[in-house]
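Structure data (TSV, C-alpha atoms) from run29.tsv:
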chain	number	residue	atom	x	y	z
A	1	MET	CA	74.85	29.54	47.65
A	2	LEU	CA	71.99	30.66	45.38
A	3	THR	CA	72.36	31.99	41.84
A	4	PHE	CA	70.27	34.66	40.12
A	5	GLU	CA	69.95	36.47	36.83
A	6	ARG	CA	69.49	40.14	37.69
A	7	ILE	CA	67.58	42.33	35.22
A	8	TRP	CA	67.37	46.11	35.47
A	9	GLY	CA	66.89	48.68	32.73
A	10	GLU	CA	68.54	47.31	29.60
A	11	ARG	CA	71.16	45.42	31.60
A	12	GLN	CA	71.48	42.02	33.16
A	13	ASP	CA	74.09	39.99	34.99
A	14	HIS	CA	74.44	36.80	37.02
A	15	VAL	CA	75.30	36.68	40.70
A	16	ALA	CA	75.90	34.04	43.35
A	17	VAL	CA	74.43	35.03	46.69
A	18	GLU	CA	74.83	33.72	50.22
A	19	ILE	CA	71.75	34.47	52.33
A	20	ASP	CA	72.13	34.39	56.10
A	21	THR	CA	68.75	35.77	57.25
A	22	LEU	CA	65.34	34.52	56.10
A	23	ILE	CA	62.18	36.26	57.30
A	24	ILE	CA	58.67	35.15	56.40
A	25	ALA	CA	55.97	37.75	56.91
A	26	GLY	CA	52.67	36.15	57.84
A	27	TRP	CA	49.18	37.64	57.81
A	28	ALA	CA	50.54	40.45	55.65
A	29	GLY	CA	47.40	41.49	53.80
A	30	ARG	CA	46.23	45.11	53.69
A	31	ASP	CA	42.54	44.25	53.77
A	32	ALA	CA	41.17	43.01	57.09
A	33	ALA	CA	38.49	40.92	55.35
A	34	ALA	CA	41.09	39.20	53.15
A	35	ILE	CA	43.25	38.44	56.18
A	36	GLU	CA	40.23	37.01	57.95
A	37	HIS	CA	39.48	34.85	54.89
A	38	HIS	CA	43.02	33.39	54.95
A	39	ILE	CA	42.83	32.84	58.72
A	40	GLU	CA	39.53	30.99	58.23
A	41	GLU	CA	41.10	28.90	55.43
A	42	LEU	CA	43.76	27.76	57.85
A	43	GLU	CA	41.32	27.34	60.74
A	44	ALA	CA	39.41	24.94	58.50
A	45	ILE	CA	42.46	22.65	58.48
A	46	GLY	CA	43.10	23.06	62.18
A	47	VAL	CA	45.55	25.98	62.30
A	48	PRO	CA	45.02	28.31	65.29
A	49	ARG	CA	44.54	32.05	64.84
A	50	PRO	CA	47.66	34.24	64.95
A	51	SER	CA	48.46	36.28	68.05
A	52	ALA	CA	48.85	39.46	65.94
A	53	VAL	CA	48.95	40.62	62.32
A	54	PRO	CA	51.35	40.84	60.67
A	55	LEU	CA	53.81	38.40	62.25
A	56	PHE	CA	57.44	37.84	61.25
A	57	TYR	CA	58.83	34.32	61.41
A	58	ARG	CA	62.60	33.72	61.41
A	59	VAL	CA	63.34	30.56	59.44
A	60	SER	CA	66.59	28.79	58.59
A	61	ALA	CA	68.08	30.32	55.43
A	62	GLY	CA	69.35	26.85	54.53
A	63	LEU	CA	65.78	25.91	53.58
A	64	LEU	CA	65.86	28.15	50.49
A	65	SER	CA	65.95	26.13	47.29
A	66	GLN	CA	65.92	26.82	43.56
A	67	ALA	CA	65.64	23.14	42.66
A	68	GLY	CA	63.03	21.81	40.28
A	69	GLN	CA	61.91	19.21	42.81
A	70	LEU	CA	61.35	19.49	46.55
A	71	GLN	CA	61.06	16.47	48.81
A	72	MET	CA	58.42	16.63	51.54
A	73	LEU	CA	57.69	14.22	54.37
A	74	GLY	CA	54.16	12.95	53.92
A	75	PRO	CA	51.29	14.20	51.75
A	76	ASP	CA	50.12	17.12	53.88
A	77	SER	CA	52.13	20.04	52.52
A	78	SER	CA	51.28	22.74	50.01
A	79	GLY	CA	52.83	25.77	48.37
A	80	GLU	CA	51.81	29.41	48.30
A	81	ILE	CA	53.23	32.15	46.11
A	82	GLU	CA	54.74	35.24	47.75
A	83	PRO	CA	56.61	38.34	46.59
A	84	VAL	CA	60.18	38.25	47.89
A	85	VAL	CA	62.60	41.08	48.63
A	86	LEU	CA	66.33	40.35	48.76
A	87	SER	CA	68.88	42.81	50.12
A	88	LEU	CA	72.29	42.83	48.44
A	89	ALA	CA	75.26	45.15	48.83
A	90	ASP	CA	73.95	47.32	45.99
A	91	GLY	CA	70.36	47.58	47.20
A	92	LEU	CA	67.04	45.74	47.20
A	93	TRP	CA	65.90	43.24	44.57
A	94	VAL	CA	62.57	41.49	43.95
A	95	THR	CA	61.68	37.92	43.02
A	96	ILE	CA	59.04	35.33	43.99
A	97	GLY	CA	59.04	32.30	46.24
A	98	SER	CA	56.76	29.64	47.62
A	99	ASP	CA	56.38	29.38	51.37
A	100	HIS	CA	55.82	25.64	51.13
A	101	THR	CA	54.38	24.51	54.45
A	102	ASP	CA	53.51	21.27	56.21
A	103	ARG	CA	49.81	21.84	56.92
A	104	LYS	CA	49.49	18.98	59.39
A	105	ALA	CA	52.34	20.38	61.47
A	106	GLU	CA	50.90	23.88	61.07
A	107	ALA	CA	47.96	22.83	63.22
A	108	ALA	CA	50.43	22.22	66.05
A	109	GLY	CA	52.48	25.37	65.48
A	110	VAL	CA	52.90	27.79	62.58
A	111	ALA	CA	56.54	28.61	63.34
A	112	LEU	CA	57.37	24.91	63.56
A	113	SER	CA	55.63	24.10	60.28
A	114	LYS	CA	57.55	26.81	58.43
A	115	GLN	CA	60.83	25.29	59.57
A	116	LEU	CA	59.94	21.81	58.25
A	117	CYS	CA	59.75	22.49	54.49
A	118	ALA	CA	62.11	23.82	51.85
A	119	LYS	CA	61.18	27.24	50.48
A	120	ALA	CA	61.18	27.48	46.69
A	121	LEU	CA	62.78	30.55	45.14
A	122	ALA	CA	62.88	31.78	41.53
A	123	ARG	CA	66.16	32.52	39.74
A	124	THR	CA	65.33	36.01	38.40
A	125	LEU	CA	65.72	39.33	40.22
A	126	TRP	CA	64.34	42.78	39.36
A	127	ARG	CA	65.70	45.91	40.97
A	128	TYR	CA	63.19	47.05	43.58
A	129	ASP	CA	63.62	50.73	42.71
A	130	GLU	CA	62.31	50.01	39.20
A	131	VAL	CA	59.06	48.42	40.35
A	132	ALA	CA	58.41	50.36	43.56
A	133	PRO	CA	56.63	53.27	41.76
A	134	HIS	CA	54.06	50.85	40.28
A	135	TRP	CA	54.30	48.11	42.91
A	136	ASP	CA	50.52	47.73	43.30
A	137	SER	CA	50.20	46.88	39.59
A	138	LEU	CA	52.26	43.69	39.93
A	139	ILE	CA	50.25	40.47	39.67
A	140	LEU	CA	50.84	37.15	41.43
A	141	ARG	CA	49.63	33.86	39.92
A	142	ALA	CA	50.09	30.25	40.90
A	143	TRP	CA	48.91	26.95	39.47
A	144	ALA	CA	48.81	23.58	41.20
A	145	VAL	CA	48.69	20.16	39.57
A	146	ILE	CA	46.12	18.22	41.62
A	147	ASP	CA	45.05	14.71	40.65
A	148	GLY	CA	46.75	15.20	37.30
A	149	GLN	CA	44.94	18.45	36.47
A	150	ARG	CA	46.60	21.88	36.31
A	151	ARG	CA	44.41	24.37	38.14
A	152	LEU	CA	44.67	28.07	38.87
A	153	TYR	CA	45.43	28.12	42.59
A	154	GLN	CA	46.09	31.78	43.41
A	155	GLU	CA	45.75	35.03	41.49
A	156	GLY	CA	45.69	38.70	42.39
A	157	ALA	CA	47.54	41.98	42.56
A	158	VAL	CA	50.20	42.54	45.19
A	159	ALA	CA	48.07	45.55	46.17
A	160	ALA	CA	46.23	43.06	48.40
A	161	LEU	CA	49.41	42.72	50.49
A	162	ARG	CA	51.37	45.19	52.57
A	163	SER	CA	54.16	46.81	50.59
A	164	PRO	CA	57.78	45.77	51.15
A	165	ALA	CA	58.47	49.22	52.60
A	166	ASP	CA	55.69	48.75	55.16
A	167	LEU	CA	56.84	45.26	56.11
A	168	MET	CA	60.49	46.22	56.43
A	169	GLN	CA	59.57	49.18	58.61
A	170	ARG	CA	57.41	47.00	60.85
A	171	TYR	CA	60.04	44.28	61.06
A	172	GLY	CA	63.23	46.25	61.68
A	173	ASN	CA	62.07	49.86	62.07
A	174	THR	CA	64.05	50.75	58.97
A	175	ALA	CA	63.41	51.33	55.27
A	176	THR	CA	65.58	48.41	54.15
A	177	LEU	CA	67.08	45.09	55.23
A	178	PRO	CA	70.72	44.27	56.02
A	179	PRO	CA	72.61	42.79	53.03
A	180	GLY	CA	72.21	39.03	52.94
A	181	SER	CA	68.63	39.21	54.21
A	182	LEU	CA	65.57	37.91	52.36
A	183	MET	CA	61.92	38.49	53.22
A	184	PHE	CA	58.83	36.66	51.97
A	185	GLY	CA	56.02	39.22	51.80
A	186	GLY	CA	52.75	37.38	52.40
A	187	THR	CA	50.34	35.47	50.21
A	188	LEU	CA	46.87	35.50	48.67
A	189	GLY	CA	43.94	33.24	49.45
A	190	ALA	CA	43.85	29.91	47.63
A	191	ILE	CA	41.14	29.52	45.00
A	192	GLY	CA	39.01	26.62	46.20
A	193	GLY	CA	40.90	26.28	49.49
A	194	ILE	CA	44.33	25.05	50.52
A	195	ARG	CA	45.20	21.69	48.93
A	196	SER	CA	48.23	19.51	48.39
A	197	ALA	CA	49.56	19.10	44.86
A	198	SER	CA	52.16	17.17	42.89
A	199	ARG	CA	53.48	20.31	41.17
A	200	PHE	CA	53.43	24.04	41.94
A	201	GLU	CA	53.95	26.77	39.32
A	202	MET	CA	54.14	30.49	40.00
A	203	GLU	CA	54.73	33.81	38.30
A	204	LEU	CA	55.01	37.51	39.02
A	205	GLU	CA	53.81	39.72	36.17
A	206	ASP	CA	54.81	43.34	35.71
A	207	PRO	CA	52.22	44.69	33.24
A	208	VAL	CA	53.84	48.14	33.24
A	209	LEU	CA	57.28	46.99	32.08
A	210	GLY	CA	55.92	43.95	30.24
A	211	ARG	CA	57.85	41.11	31.89
A	212	LYS	CA	57.42	38.10	34.16
A	213	ILE	CA	59.34	36.08	36.71
A	214	GLN	CA	58.41	32.39	36.64
A	215	HIS	CA	59.36	29.30	38.60
A	216	ALA	CA	57.99	25.79	39.10
A	217	TYR	CA	58.80	22.73	41.14
A	218	ASP	CA	57.54	19.18	41.59
A	219	ILE	CA	56.74	17.80	45.03
A	220	ALA	CA	58.15	14.38	45.86
A	221	VAL	CA	56.38	12.84	48.85
A	222	LEU	CA	58.58	10.84	51.19
A	223	PRO	CA	56.98	8.04	53.26
A	224	VAL	CA	56.20	8.66	56.92
A	225	ILE	CA	57.77	5.78	58.86
A	226	ALA	CA	56.59	5.26	62.42
Rendering of file as structure tokens:
Amino acid sequence: MLTFERIWGERQDHVAVEIDTLIIAGWAGRDAAAIEHHIEELEAIGVPRPSAVPLFYRVSAGLLSQAGQLQMLGPDSSGEIEPVVLSLADGLWVTIGSDHTDRKAEAAGVALSKQLCAKALARTLWRYDEVAPHWDSLILRAWAVIDGQRRLYQEGAVAALRSPADLMQRYGNTATLPPGSLMFGGTLGAIGGIRSASRFEMELEDPVLGRKIQHAYDIAVLPVIA
């Protein structure tokens, strides 16, 4: 069970949510050159090219976590910020998450690698209807603490990614998702390339309505025992 603070208009409340379907949209950029850049980033660490773009990976919903620390097996994982759409009984809501991925396993199989790591999720929700009219103005940012230094890791407008409406239509041939479903909506290229970190921080900024969703987590590396 996950808990969220929902904010819409001048109102807010708190809800506990049980999510039964988790979808991760991969290769979800609008710009072919940007998609190619991300594919080349992953090729550089041994990840094969996708069979099509975009792709939709079904992942265990039990991997979703709002904890401040995630435990990962070995040192070869890294986070990446993504816009997230959550369907509840009263409609669609927006937050952010990190599709934390085991990069070593990703070289063997992308779907497998996505199933091996917890997926970080923020605790704040905005009503999708409120941000949809200015969706392309929203800004994603992420920082990674690498070798003790906090560095800007990703930054850009969600306009670089396919809209939630586009992704939902491509995934289920419908304008929404069934209640209890959550979709990660793609990511931006990493500044300086994909790297592991000891901490990952992320935010979604809405410059039109003047607000942010923020979340951070530490990465605890578990030993790999042969």
Among listed residues A:Gly46, A:Gly26, A:Gly189, A:Pro133, nearest A:Glu155 (using only C-alpha atoms)
A:Gly189
Enumerate, as a CSV table (one decimal) with C-alpha atoms, keeping the file's coordinate frame, the protein, DNA and RNA residues whose atoms approach (51.4, 39.1, 41.5) to within 12 Å, taking into account all atoms listed in the file and the coordinate frame of the file.
chain,number,residue,atom,x,y,z
A,80,GLU,CA,51.8,29.4,48.3
A,81,ILE,CA,53.2,32.2,46.1
A,82,GLU,CA,54.7,35.2,47.8
A,83,PRO,CA,56.6,38.3,46.6
A,84,VAL,CA,60.2,38.2,47.9
A,94,VAL,CA,62.6,41.5,44.0
A,95,THR,CA,61.7,37.9,43.0
A,96,ILE,CA,59.0,35.3,44.0
A,97,GLY,CA,59.0,32.3,46.2
A,135,TRP,CA,54.3,48.1,42.9
A,136,ASP,CA,50.5,47.7,43.3
A,137,SER,CA,50.2,46.9,39.6
A,138,LEU,CA,52.3,43.7,39.9
A,139,ILE,CA,50.2,40.5,39.7
A,140,LEU,CA,50.8,37.2,41.4
A,141,ARG,CA,49.6,33.9,39.9
A,142,ALA,CA,50.1,30.2,40.9
A,154,GLN,CA,46.1,31.8,43.4
A,155,GLU,CA,45.8,35.0,41.5
A,156,GLY,CA,45.7,38.7,42.4
A,157,ALA,CA,47.5,42.0,42.6
A,158,VAL,CA,50.2,42.5,45.2
A,159,ALA,CA,48.1,45.6,46.2
A,160,ALA,CA,46.2,43.1,48.4
A,161,LEU,CA,49.4,42.7,50.5
A,185,GLY,CA,56.0,39.2,51.8
A,186,GLY,CA,52.8,37.4,52.4
A,187,THR,CA,50.3,35.5,50.2
A,188,LEU,CA,46.9,35.5,48.7
A,202,MET,CA,54.1,30.5,40.0
A,203,GLU,CA,54.7,33.8,38.3
A,204,LEU,CA,55.0,37.5,39.0
A,205,GLU,CA,53.8,39.7,36.2
A,206,ASP,CA,54.8,43.3,35.7
A,207,PRO,CA,52.2,44.7,33.2
A,211,ARG,CA,57.8,41.1,31.9
A,212,LYS,CA,57.4,38.1,34.2
A,213,ILE,CA,59.3,36.1,36.7
A,214,GLN,CA,58.4,32.4,36.6
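The shortest atom-to-atom distance to A:Pro223, with all atoms listed in the file taken into account, belongs to A:Asp76 out of A:Glu5, A:Asp20, A:Asp76, A:Asp13.
With distances restricted to all atoms listed in the file, A:Lys114 is the closest residue to A:Leu63 from A:Lys114, A:Arg170, A:Lys104, A:Arg30.
For the set A:Leu222, A:Leu86, A:Pro48, A:His38, the residue with the smallest atom-to-atom gap to A:Glu18 is A:Leu86, counting all atoms listed in the file.
Here the question is which of A:Phe184, A:Phe56, A:Trp143, A:Trp27 gets nearest to A:Ala120 using only C-alpha atoms, and that residue is A:Phe184.
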Measuring atom to atom with only C-alpha atoms, identify which of A:Ser87, A:Thr176, A:Thr101, A:Ser78 is nearest to A:Tyr153.
A:Ser78
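One finds atom CA of A:Val131 at 20.5 Å from atom CA of A:Gly180.
The gap separating atom CA of A:Ser196 from atom CA of A:Pro75 is 7.0 Å, in Å to one decimal.
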Do a neighbour search on A:Ile219 at 12 Å with all atoms listed in the file, toss out local chain neighbours closer than 6 positions, and write the hits as an mmCIF file with C-alpha atoms, keeping the file's coordinate frame.
data_model
loop_
_atom_site.group_PDB
_atom_site.id
_atom_site.type_symbol
_atom_site.label_atom_id
_atom_site.label_comp_id
_atom_site.auth_asym_id
_atom_site.auth_seq_id
_atom_site.Cartn_x
_atom_site.Cartn_y
_atom_site.Cartn_z
ATOM 1 C CA ALA A 67 65.640 23.140 42.660
ATOM 2 C CA GLY A 68 63.030 21.810 40.280
ATOM 3 C CA GLN A 69 61.910 19.210 42.810
ATOM 4 C CA LEU A 70 61.350 19.490 46.550
ATOM 5 C CA GLN A 71 61.060 16.470 48.810
ATOM 6 C CA MET A 72 58.420 16.630 51.540
ATOM 7 C CA LEU A 73 57.690 14.220 54.370
ATOM 8 C CA GLY A 74 54.160 12.950 53.920
ATOM 9 C CA PRO A 75 51.290 14.200 51.750
ATOM 10 C CA ASP A 76 50.120 17.120 53.880
ATOM 11 C CA SER A 77 52.130 20.040 52.520
ATOM 12 C CA SER A 78 51.280 22.740 50.010
ATOM 13 C CA GLY A 79 52.830 25.770 48.370
ATOM 14 C CA HIS A 100 55.820 25.640 51.130
ATOM 15 C CA THR A 101 54.380 24.510 54.450
ATOM 16 C CA CYS A 117 59.750 22.490 54.490
ATOM 17 C CA ALA A 118 62.110 23.820 51.850
ATOM 18 C CA LYS A 119 61.180 27.240 50.480
ATOM 19 C CA ALA A 120 61.180 27.480 46.690
ATOM 20 C CA ALA A 144 48.810 23.580 41.200
ATOM 21 C CA VAL A 145 48.690 20.160 39.570
ATOM 22 C CA ILE A 146 46.120 18.220 41.620
ATOM 23 C CA SER A 196 48.230 19.510 48.390
ATOM 24 C CA ALA A 197 49.560 19.100 44.860
ATOM 25 C CA SER A 198 52.160 17.170 42.890
ATOM 26 C CA ARG A 199 53.480 20.310 41.170
ATOM 27 C CA PHE A 200 53.430 24.040 41.940
ATOM 28 C CA GLU A 201 53.950 26.770 39.320
#
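If you look at atom CA of A:Trp126 and atom CA of A:Ile24, they are 19.5 Å away from each other.
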Go ahead and find all residues with at least one atom no further than 10 Å from (73.3, 33.7, 47.9) in the file's coordinates, using only C-alpha atoms; report them as a PyMOL selection string.
chain A and resi 1-4+15-20+61+64+86+88+180-182
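Using all atoms listed in the file, the residues found no farther than 12 Å from A:Ala108, other than those of its own chain fewer than 3 positions away, are Leu42, Glu43, Ile45, Gly46, Val47, Pro48, Arg49, Asp102, Arg103, Lys104, Ala105, Ala111, Leu112, Ser113 and Lys114 of chain A.
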Per-axis box centre and lengths in Å around stretch 45-58 of chain A, 5 Å margin per side, axis-aligned, as AutoDock Vina command-line options:
--center_x 52.5 --center_y 31.7 --center_z 63.3 --size_x 30.1 --size_y 28.2 --size_z 19.6
